[in-house]
>>> print(open('coords-v6.csv').read())   # CSV, C-alpha atoms
chain,number,residue,atom,x,y,z
A,1,MET,CA,-149.6,68.9,-87.3
A,2,THR,CA,-146.2,70.0,-86.1
A,3,ALA,CA,-144.5,68.9,-89.2
A,4,SER,CA,-147.2,70.7,-91.3
A,5,ILE,CA,-146.7,74.0,-89.4
A,6,THR,CA,-142.9,73.7,-89.7
A,7,ALA,CA,-143.1,73.1,-93.4
A,8,GLY,CA,-145.5,76.1,-93.8
A,9,ARG,CA,-143.2,78.3,-91.8
A,10,ARG,CA,-140.2,77.3,-93.9
A,11,ALA,CA,-142.1,78.2,-97.0
A,12,ARG,CA,-143.0,81.6,-95.6
A,13,LEU,CA,-139.4,82.3,-94.6
A,14,ARG,CA,-138.2,81.2,-98.1
A,15,ASP,CA,-140.7,83.6,-99.7
A,16,ALA,CA,-139.6,86.4,-97.5
A,17,ALA,CA,-136.0,85.8,-98.4
A,18,LEU,CA,-136.8,85.8,-102.1
A,19,LEU,CA,-138.9,89.0,-101.7
A,20,SER,CA,-136.0,90.7,-99.9
A,21,ALA,CA,-133.5,89.8,-102.6
A,22,THR,CA,-135.9,90.9,-105.3
A,23,ILE,CA,-136.9,94.3,-103.9
A,24,LEU,CA,-133.3,95.1,-102.9
A,25,ALA,CA,-132.0,94.2,-106.3
A,26,SER,CA,-134.6,96.4,-108.0
A,27,GLY,CA,-133.7,99.3,-105.7
A,28,ILE,CA,-137.1,99.5,-104.0
A,29,LEU,CA,-135.5,99.2,-100.5
A,30,SER,CA,-132.2,100.4,-99.2
A,31,PRO,CA,-129.8,97.7,-97.9
A,32,ALA,CA,-130.6,98.8,-94.3
A,33,ASP,CA,-134.3,98.3,-94.8
A,34,ALA,CA,-133.9,95.0,-96.6
A,35,ALA,CA,-131.7,93.7,-93.9
A,36,GLN,CA,-134.7,93.1,-91.7
A,37,PHE,CA,-135.8,90.3,-94.0
A,38,GLY,CA,-132.6,88.4,-93.2
A,39,VAL,CA,-131.2,88.4,-96.7
A,40,VAL,CA,-129.0,91.1,-98.1
A,41,VAL,CA,-127.8,91.2,-101.7
A,42,ASN,CA,-124.6,93.0,-102.1
A,43,GLN,CA,-124.9,94.9,-105.4
A,44,VAL,CA,-121.9,94.9,-107.7
A,45,ALA,CA,-121.1,97.9,-109.8
A,46,ASP,CA,-121.6,97.3,-113.5
A,47,PRO,CA,-118.6,98.5,-115.4
A,48,VAL,CA,-120.6,98.9,-118.6
A,49,LEU,CA,-123.2,101.2,-117.1
A,50,SER,CA,-121.1,103.1,-114.6
A,51,GLY,CA,-121.7,106.8,-114.7
A,52,VAL,CA,-125.0,106.4,-116.7
A,53,ALA,CA,-127.7,108.6,-115.2
A,54,LEU,CA,-131.0,106.8,-114.4
A,55,PRO,CA,-134.0,108.8,-115.6
A,56,ASP,CA,-137.3,108.6,-113.8
A,57,ASN,CA,-138.8,106.6,-116.6
A,58,ALA,CA,-136.0,104.0,-116.6
A,59,PRO,CA,-138.3,101.1,-115.5
A,60,MET,CA,-140.5,101.7,-118.5
A,61,THR,CA,-138.0,102.6,-121.2
A,62,GLY,CA,-134.8,100.8,-120.1
A,63,VAL,CA,-131.3,102.2,-119.6
A,64,PHE,CA,-128.6,102.0,-122.3
A,65,SER,CA,-125.0,102.9,-122.4
A,66,GLY,CA,-123.5,104.7,-125.5
A,67,VAL,CA,-122.6,102.7,-128.6
A,68,GLN,CA,-119.5,100.6,-127.9
A,69,ASN,CA,-117.0,98.8,-130.1
A,70,TRP,CA,-117.1,95.0,-130.6
A,71,PRO,CA,-114.3,92.9,-132.0
A,72,MET,CA,-116.5,91.5,-134.8
A,73,ASN,CA,-119.8,91.8,-136.6
A,74,ALA,CA,-121.5,89.2,-134.4
A,75,ILE,CA,-124.2,87.1,-135.9
A,76,THR,CA,-125.4,85.4,-132.7
A,77,LEU,CA,-124.9,85.9,-129.0
A,78,GLY,CA,-125.1,83.3,-126.2
A,79,LEU,CA,-124.9,83.7,-122.4
A,80,LEU,CA,-122.7,80.9,-121.0
A,81,PRO,CA,-123.2,79.4,-117.5
A,82,SER,CA,-120.1,81.2,-116.4
A,83,GLY,CA,-121.7,84.6,-117.1
A,84,LYS,CA,-119.5,85.2,-120.1
A,85,VAL,CA,-121.0,86.2,-123.4
A,86,ALA,CA,-120.2,84.1,-126.5
A,87,SER,CA,-120.6,85.6,-130.0
A,88,TYR,CA,-119.5,84.4,-133.4
A,89,GLY,CA,-119.4,86.1,-136.8
A,90,THR,CA,-116.9,87.9,-139.0
A,91,PRO,CA,-113.2,87.2,-138.7
A,92,GLY,CA,-111.0,89.7,-136.9
A,93,GLY,CA,-109.9,92.6,-139.0
A,94,ASN,CA,-112.3,91.8,-141.8
A,95,PRO,CA,-115.7,93.2,-140.7
A,96,GLY,CA,-117.1,93.0,-144.2
A,97,ALA,CA,-116.8,89.2,-144.6
A,98,GLN,CA,-119.9,87.2,-144.1
A,99,ASP,CA,-118.7,84.4,-142.0
A,100,GLY,CA,-119.3,82.3,-138.8
A,101,ARG,CA,-115.9,80.7,-138.1
A,102,THR,CA,-114.6,83.1,-135.5
A,103,PHE,CA,-115.7,83.1,-131.8
A,104,ASP,CA,-115.4,85.9,-129.3
A,105,ILE,CA,-115.8,85.3,-125.6
A,106,TRP,CA,-116.4,88.4,-123.5
A,107,ASP,CA,-116.2,88.7,-119.7
A,108,PRO,CA,-118.7,91.5,-118.7
A,109,THR,CA,-117.0,92.0,-115.3
A,110,GLN,CA,-114.0,93.5,-117.2
A,111,GLY,CA,-116.0,96.2,-119.0
A,112,ILE,CA,-117.0,96.6,-122.6
A,113,GLY,CA,-113.6,97.6,-123.9
A,114,THR,CA,-111.6,94.7,-122.4
A,115,GLY,CA,-112.2,91.1,-121.4
A,116,HIS,CA,-112.4,89.7,-125.0
A,117,ILE,CA,-110.8,86.5,-126.1
A,118,THR,CA,-110.9,85.3,-129.7
A,119,LEU,CA,-111.2,81.6,-130.5
A,120,PRO,CA,-110.7,80.2,-134.0
A,121,GLY,CA,-113.5,78.0,-135.2
A,122,ILE,CA,-113.3,74.7,-137.0
A,123,ALA,CA,-112.1,74.6,-140.6
A,124,GLY,CA,-114.9,73.9,-143.0
A,125,VAL,CA,-117.7,74.5,-140.5
A,126,ASN,CA,-119.4,77.9,-141.1
A,127,SER,CA,-121.8,78.7,-138.3
A,128,PHE,CA,-123.3,81.8,-140.0
A,129,CYS,CA,-127.1,81.7,-139.3
A,130,ALA,CA,-126.8,78.4,-137.4
A,131,ALA,CA,-128.9,77.1,-134.6
A,132,GLN,CA,-127.7,76.7,-131.1
A,133,THR,CA,-128.7,75.1,-127.8
A,134,PHE,CA,-127.1,74.3,-124.5
A,135,ARG,CA,-126.3,70.7,-123.7
A,136,THR,CA,-126.8,69.2,-120.3
A,137,ASP,CA,-123.2,69.8,-119.3
A,138,GLY,CA,-123.5,73.6,-120.1
A,139,SER,CA,-121.6,73.5,-123.3
A,140,LEU,CA,-123.1,75.3,-126.4
A,141,PHE,CA,-123.9,73.1,-129.3
A,142,ILE,CA,-124.0,74.8,-132.7
A,143,ALA,CA,-125.3,73.2,-135.8
A,144,GLY,CA,-126.7,74.2,-139.2
A,145,GLY,CA,-126.0,77.5,-140.9
A,146,ILE,CA,-124.1,78.0,-144.2
A,147,PHE,CA,-122.3,75.0,-145.6
A,148,ASP,CA,-119.3,75.4,-147.8
A,149,ASN,CA,-120.5,74.4,-151.3
A,150,GLY,CA,-123.5,72.7,-149.7
A,151,SER,CA,-121.3,69.7,-148.8
A,152,ASP,CA,-120.0,70.3,-145.2
A,153,LYS,CA,-122.8,69.7,-142.7
A,154,GLY,CA,-120.6,69.6,-139.5
A,155,SER,CA,-121.3,71.1,-136.1
A,156,VAL,CA,-119.2,72.5,-133.3
A,157,VAL,CA,-119.3,72.7,-129.5
A,158,LEU,CA,-118.2,75.6,-127.4
A,159,ASN,CA,-117.2,74.3,-123.9
A,160,ARG,CA,-119.1,75.6,-120.9
A,161,THR,CA,-116.2,77.8,-119.8
A,162,GLY,CA,-115.9,79.4,-123.2
A,163,THR,CA,-112.2,78.4,-123.6
A,164,GLY,CA,-112.3,76.1,-126.5
A,165,VAL,CA,-114.2,75.0,-129.6
A,166,SER,CA,-114.3,71.4,-130.8
A,167,ALA,CA,-115.8,69.6,-133.8
A,168,ILE,CA,-118.7,67.2,-133.9
A,169,ASN,CA,-117.7,64.5,-136.4
A,170,ALA,CA,-121.2,63.5,-137.3
A,171,LYS,CA,-122.8,65.3,-140.3
A,172,LEU,CA,-126.3,66.5,-140.7
A,173,ALA,CA,-128.2,64.9,-143.5
A,174,ASN,CA,-129.7,68.2,-144.7
A,175,ASP,CA,-128.7,71.8,-145.2
A,176,ARG,CA,-130.3,73.9,-142.4
A,177,TYR,CA,-129.9,77.6,-142.9
A,178,TYR,CA,-132.0,79.4,-140.3
A,179,SER,CA,-133.0,76.3,-138.5
A,180,THR,CA,-134.2,75.8,-134.9
A,181,MET,CA,-132.6,73.5,-132.3
A,182,LEU,CA,-133.4,72.5,-128.7
A,183,THR,CA,-132.2,70.0,-126.2
A,184,LEU,CA,-134.7,67.3,-125.2
A,185,PRO,CA,-135.2,66.1,-121.6
A,186,ASN,CA,-133.1,63.0,-122.4
A,187,GLY,CA,-130.1,65.2,-123.3
A,188,GLN,CA,-130.4,64.7,-127.0
A,189,GLN,CA,-130.6,67.6,-129.5
A,190,LEU,CA,-133.5,68.1,-131.9
A,191,ILE,CA,-133.0,70.3,-135.0
A,192,MET,CA,-135.9,71.4,-137.1
A,193,GLY,CA,-136.5,73.5,-140.2
A,194,GLY,CA,-134.0,75.4,-142.3
A,195,SER,CA,-133.4,75.6,-146.0
A,196,TYR,CA,-130.6,75.6,-148.5
A,197,PRO,CA,-128.6,78.8,-147.9
A,198,TYR,CA,-130.1,81.9,-149.6
A,199,GLN,CA,-132.4,79.8,-151.7
A,200,GLY,CA,-135.4,78.9,-149.6
A,201,GLY,CA,-137.9,81.7,-150.1
A,202,TRP,CA,-140.2,82.6,-147.2
A,203,GLY,CA,-142.5,84.5,-149.6
A,204,ASP,CA,-143.3,81.3,-151.5
A,205,PRO,CA,-142.7,78.4,-149.2
A,206,GLN,CA,-144.6,75.9,-151.4
A,207,GLY,CA,-142.7,77.0,-154.4
A,208,SER,CA,-139.4,76.5,-152.5
A,209,ILE,CA,-140.6,73.0,-151.4
A,210,ASP,CA,-141.4,72.1,-155.0
A,211,LYS,CA,-138.0,73.2,-156.1
A,212,GLY,CA,-136.3,71.1,-153.4
A,213,LEU,CA,-134.9,74.2,-151.5
A,214,MET,CA,-136.6,73.6,-148.2
A,215,THR,CA,-134.1,71.0,-147.3
A,216,GLY,CA,-134.7,70.8,-143.6
A,217,MET,CA,-138.3,69.7,-143.5
A,218,THR,CA,-137.4,66.3,-141.9
A,219,PRO,CA,-136.2,66.9,-138.3
A,220,GLU,CA,-133.0,65.2,-137.1
A,221,ILE,CA,-131.9,64.1,-133.6
A,222,PHE,CA,-128.3,64.0,-132.3
A,223,ASP,CA,-127.8,61.2,-129.7
A,224,GLY,CA,-124.2,62.1,-128.8
A,225,ASN,CA,-122.7,60.0,-131.5
A,226,GLY,CA,-124.6,60.8,-134.7
A,227,TRP,CA,-127.7,62.4,-136.3
A,228,ARG,CA,-130.8,60.4,-136.9
A,229,ALA,CA,-133.6,61.6,-139.3
A,230,LEU,CA,-137.2,61.5,-138.0
A,231,PHE,CA,-138.8,60.2,-141.2
A,232,GLY,CA,-142.5,60.8,-141.3
A,233,ALA,CA,-142.2,64.1,-139.2
A,234,LYS,CA,-142.3,67.4,-140.9
A,235,SER,CA,-141.1,70.9,-139.9
A,236,ARG,CA,-140.3,74.2,-141.7
>>> encode(input="coords-v6.csv", output="structure tokens")
Amino acid sequence: MTASITAGRRARLRDAALLSATILASGILSPADAAQFGVVVNQVADPVLSGVALPDNAPMTGVFSGVQNWPMNAITLGLLPSGKVASYGTPGGNPGAQDGRTFDIWDPTQGIGTGHITLPGIAGVNSFCAAQTFRTDGSLFIAGGIFDNGSDKGSVVLNRTGTGVSAINAKLANDRYYSTMLTLPNGQQLIMGGSYPYQGGWGDPQGSIDKGLMTGMTPEIFDGNGWRALFGAKSR
């Protein structure tokens, strides 16, 4: 009985602590009021939204800063475990180029105008419209997208700290433009769907299949060393 009561009390204290953190972070209570719960969250000023007035309808409509500059036309964004934001897209100084070989790593704590680091991608691997998923070590695995001349089906990995990009030597069996990828409980990556770049028509999927343009209908799994096709399974 004592053990049961102790466990129940711990659960209530935990819930109270979480409630305190939640209501303080949302601004419902002042720090002094929230302190009675035993947990106080020290709010950190957001350099991006500093000076932005909060209207009364902010909880319903959101709050946005003005339009800010970005080092590239980013195709995809990813939030890394470190809190940094990874994006990849056009090369620096060439915003009109449709490309996915250049990576930008942004540290939000330094404000929108600073804190950007540019990382070159891997030659021959174009991640434009690729799929991405986190691996169990926190690194970002990127596969699919546009392949140069339809022949390079490589993948890249952005490490968990956002300080380097490396190549995955294994090649996908199929072109996978606009595919979907996720990490399985066993740590392996499953990629599904996708088509030949620019050719697979969503308006006529069966026609695209008949023409051989829906190239990613057979899913593939990456086991850490290579890709393996799941013959018999189908995805679009």
>>> closest_residue(input="coords-v6.csv", among="A:Ile221, A:Ala86, A:Val63, A:Leu230", to="A:Lys171", atoms="all atoms listed in the file")
A:Ile221
>>> closest_residue(input="coords-v6.csv", among="A:Asp175, A:Asp204, A:Asp210, A:Asp223", to="A:Asn126", atoms="only C-alpha atoms")
A:Asp175
>>> closest_residue(input="coords-v6.csv", among="A:Gly226, A:Gly62, A:Gly207, A:Gly138", to="A:Gly162", atoms="all atoms listed in the file")
A:Gly138
>>> residues_around(input="coords-v6.csv", residues="A:Tyr177", least_positions_apart="4", cutoff="7 Å", atoms="all atoms listed in the file", output="list of chain:residue names")
A:Cys129, A:Ala130, A:Gly144, A:Gly145, A:Ile146, A:Gly194, A:Ser195, A:Tyr196, A:Pro197
>>> atom_distance(input="coords-v6.csv", atom1="atom CA of A:Ala173", atom2="atom CA of A:Pro91")
27.3 Å
>>> closest_residue(input="coords-v6.csv", among="A:Met60, A:Ile142, A:Ala97, A:Ala45", to="A:Thr180", atoms="all atoms listed in the file")
A:Ile142
>>> atom_distance(input="coords-v6.csv", atom1="atom CA of A:His116", atom2="atom CA of A:Ser179")
28.0 Å
>>> atom_distance(input="coords-v6.csv", atom1="atom CA of A:Trp106", atom2="atom CA of A:Gly83")
9.1 Å
>>> residues_near_point(input="coords-v6.csv", point="(-118.5, 59.8, -135.3)", cutoff="10 Å", atoms="only C-alpha atoms", output="ChimeraX atom specification")
/A:168-171,224-227
>>> closest_residue(input="coords-v6.csv", among="A:Asn57, A:Thr118, A:Thr109, A:Asn159", to="A:Ser87", atoms="only C-alpha atoms")
A:Thr118
>>> closest_residue(input="coords-v6.csv", among="A:Phe141, A:Pro219, A:Gln206, A:Gly187", to="A:Asn174", atoms="all atoms listed in the file")
A:Pro219
>>> residues_around(input="coords-v6.csv", residues="A:Thr163", least_positions_apart="5", cutoff="12 Å", atoms="only C-alpha atoms", output="VMD selection string")
chain A and resid 80 82 84 to 86 103 to 107 116 to 121 139 to 140 157 to 158
>>> write_last_selection(input="coords-v6.csv", atoms="C-alpha atoms", output="short mmCIF file (atom, residue, chain, number, x, y, z; two decimals), in the coordinates of the input")
data_model
loop_
_atom_site.label_atom_id
_atom_site.label_comp_id
_atom_site.auth_asym_id
_atom_site.auth_seq_id
_atom_site.Cartn_x
_atom_site.Cartn_y
_atom_site.Cartn_z
CA LEU A 80 -122.70 80.90 -121.00
CA SER A 82 -120.10 81.20 -116.40
CA LYS A 84 -119.50 85.20 -120.10
CA VAL A 85 -121.00 86.20 -123.40
CA ALA A 86 -120.20 84.10 -126.50
CA PHE A 103 -115.70 83.10 -131.80
CA ASP A 104 -115.40 85.90 -129.30
CA ILE A 105 -115.80 85.30 -125.60
CA TRP A 106 -116.40 88.40 -123.50
CA ASP A 107 -116.20 88.70 -119.70
CA HIS A 116 -112.40 89.70 -125.00
CA ILE A 117 -110.80 86.50 -126.10
CA THR A 118 -110.90 85.30 -129.70
CA LEU A 119 -111.20 81.60 -130.50
CA PRO A 120 -110.70 80.20 -134.00
CA GLY A 121 -113.50 78.00 -135.20
CA SER A 139 -121.60 73.50 -123.30
CA LEU A 140 -123.10 75.30 -126.40
CA VAL A 157 -119.30 72.70 -129.50
CA LEU A 158 -118.20 75.60 -127.40
#
